[in-house]
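As structure tokens, the structure follows; a few thoughts come after it.
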Amino acid sequence: MTAGTLPEIIVRADNVHTMNPAAGNDSENDACERVSAIAVAGGLITAMGTRSEIEDLATSATEIIDVPGTIVPGFTDAHAHPIMSLSMTRGADLSFCRDQDQVAEALREEAAGRDPDEWVLGWGLDPNVFADEAITNALVHRVLGAEKKTFLSLFDAHSAIASGAALAEAGIAEARSYPGNSSVVVDESGSPTGHLLEFGAMEEIRSVIPALSFNEQVDALNDLLKAMAAQGIAAMHVMDMNDPDTFELLAAAEVRGPLPVKLRLSPWCAPTTTDAELAKLIESQGEGGDRWHIGGAKLFIDGTVEGGTAWLETPDSKGESTTSAWGATEDYAARVRELNAAGVPTATHAIGERGIREVVETLAALPDTGVQHRIEHIESVPKDIINQLGAAGIAASMQPTHCTHYTAADGSDDWSQRLGEVRAARAWCTRDVIDAGGVLALGSDYPVAPFAALPIMADAQLRRPVEDAGVAPVLPEQGLSPAEVLAGYTTEPYAAIGEEAGYLAVGGPATFTVLDVDPLAVDPEELGQGRVLLTVSDGVITHRQD
Ligand SMILES: [Zn+2]
């Protein structure tokens with residue numbers, strides 16, 4: 001029960017779910033009424049037991065924290081972009097706008113009081129506000145005028161809208177295309193419509209927007225990670241490490257104190273990545289600071305359904321989503337083989353059924369080097385491919401709120417309309433992944449969707465937004481059990497990178513969170529409204545509710 005070290009902290013709660021696989025498969029019952037307190041020293045759990053057993057270990061120097069709630073392992077968000085979000089979430093948050101009037105109001109508010117020459121920025125725009133209309137800068141021009149420099153990123157973060165003045169500022173006056181299926185969309189006359197697809201085109205505009213100062217970025221990152229810790233998040237798989245300033249940014253943030261969330265960052269391996277850059281990526285594995293390190297590599301086989309850049313077997317309703325982000329899939333496969341041989345776990349973004357199939361087949365054919373690989377998103381794919389994924393031991397990393405926030409059971413949303421009935425009926429098949437024996441890690445993809453973990457876990461069970469009981473669930477039979485969603489935020493993110501962690505055990509990391517609800521006992525509605533009372537990450541108290 002005890003590792004014999006004097007405890008620095010003792011946390012007394014009502015019960016504990018350890019999620020320890022050694023406790024058997026019966027995670028619903030691992031509560032072991034006996035365990036309700038944890039002792040911590042040197043960042044590790046030194047003892048677990050009943051309140052009185054643990055209290056007996058206290059010295060005068062021990063801090064005793066009483067929290068009426070359930071202790072669970074600290075949450076790991078398996079897919080998020082906290083660093084990229086610093087530049088992506090500037091300006092108006094449009095993610096709550098449901099129609100064009102609401103977008104117009106948010107933009108007017110954002111523009112109010114600014115110099116005429118200042119940029120107006122926004123993010124999180126839901127393409128469903130355009131309904132049947134093409135996505136162009138017409139809306140922005142109606143509201144703010146073409147001469148205002150305006151740049152709005154869409155919710156999927158894979159496309160954006162730029163006003164005429166913004167395009168002019170970046171010197172864009174005609175069709176352009178970039179590697180990775182990225183392009184400046186033009187109308188019949190060859191003039192840009194203001195719609196920009198994928199990263200290359202978006203970066204052209206971003207590069208002419210005045211950047212946040214370094215200190216502003218450090219502040220914003222610290223605030224964001226604190227807000228994440230307040231949602232019970234102790235660790236995060238960051239799906240990017242592109243900006244050369246990221247190293248300095250994280251180092252500067254750590255000077256101010258321990259990072260509120262421990263970060264594992266996976267740099268991108270893109271079609272444009274050179275051999276020298278790949279060698280550097282491999283070399284950099286494990287580099288980092290106290291509470292962050294570079295781990296794994298992120299690749300993209302395709303883009304998004306809403307952007308028309310996913311890779312489908314047959315075109316979508318607009319004749320789009322027909323190609324890979326890689327000119328030749330063989331180039332993608334070659335990179336994955338190199339990374340596998342070098343011992344680097346990969347994570348590949350794959351959304352359309354053709355892209356997912358290519359990635360599953362590529363990963364399944366790799367020589368077994370003991371490296372765990374994973375696929376991100378898996379939005380729509382036939383069941384036999386999911387079975388193949390499970391059989392090959394490939395991990396799935398999925399984002400339940402992409403389904404519940406952006407699609408509708410009646411198929412009226414943009415995603416379902418583009419894919420058509422058959423493919424829409426295969427939306428985010430989380431249940432099938434588990435039935436196929438696959439590892440299923442859950443995450444937010446922040447800033448594409450909000451990062452609060454408990455509502456995501458609730459949505460994953462309900463298959464509708466937990467805050468709106470009036471909304472019909474999308475494929476409710478694909479919903480997960482309470483134990484499966486808790487595993488998806490604790491043990492499974494580690495399983496998805498080939499590590500055994502994310503559970504509570506004596507001698508293991510003191511990384512846990514205390515909730516005012518028991519996630520294995522309450523219904524999803526109650527879970528969604530649950531509060532996080534305490535978060536501890538490697539023995540550091542990163543959040544404490546007053
Ligand atoms: Zn992402």
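Ordered as shown in the structure tokens, chains take letters A, B, and onward, while each chain numbers its residues from 1 and ligands are numbered from 1 in the order shown.
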Any residue with an atom at most 7 Å from ligand 1 counts, using only C-alpha atoms and all ligand atoms. Which are they? Put them as number ranges by chain.
A: 79-81, 239, 445
Going by DSSP on the backbone, which bits of segment 142-377 of chain A are helix (DSSP H, G or I)? Write them as a ChimeraX atom specification, please.
/A:142-144,164-169,198-206,214-229,246-255,275-283,329-341,353-364
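Candidate residues A:Val471, A:Ile9, A:Val16, A:Ala160 were compared for distance to Asp518 of chain A, and the nearest is A:Val16, using only C-alpha atoms.
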Could you tell me which of A:Val255, A:Val514, A:Ala350, A:Met457 comes closest to Gln545 of chain A if we count only C-alpha atoms?
A:Val514
Using only C-alpha atoms, which residues sit within 10 Å of Leu259 of chain A once same-chain residues fewer than 4 positions away are excluded, as a PyMOL selection string?
chain A and resi 221-222+225-226+229+234-235+250-251+253-255+263+289-292+537+540+542
In Å, with one decimal, what is the gap from atom CA of Leu139 of chain A to atom CA of Glu188 of chain A?
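Those two atoms sit 19.0 Å apart.
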Can you work out the spacing between atom CA of Glu379 of chain A and atom CA of Asp432 of chain A in Å, to one decimal?
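Going from atom CA of Glu379 of chain A over to atom CA of Asp432 of chain A covers 12.3 Å.
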Considering only C-alpha atoms, return as number ranges by chain whatever protein or nucleic-acid residues lie within 7 Å of segment 36-42 of chain A, sequence-local ones (same chain, fewer than 5 positions apart) excluded.
A: 5-16, 47-51, 54, 510, 539
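Coordinates place atom CA of Thr314 of chain A at a distance of 24.5 Å from atom CA of Ala365 of chain A.
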For segment 319-333 of chain A, list every protein, DNA or RNA residue within 9 Å, evaluated using only C-alpha atoms, and leave out those in the same chain fewer than 3 positions away; present the list as a VMD selection string.
chain A and resid 179 to 182 270 to 271 299 to 305 307 to 316 336 to 338 352 354 to 355 358 to 359 362 to 363 418
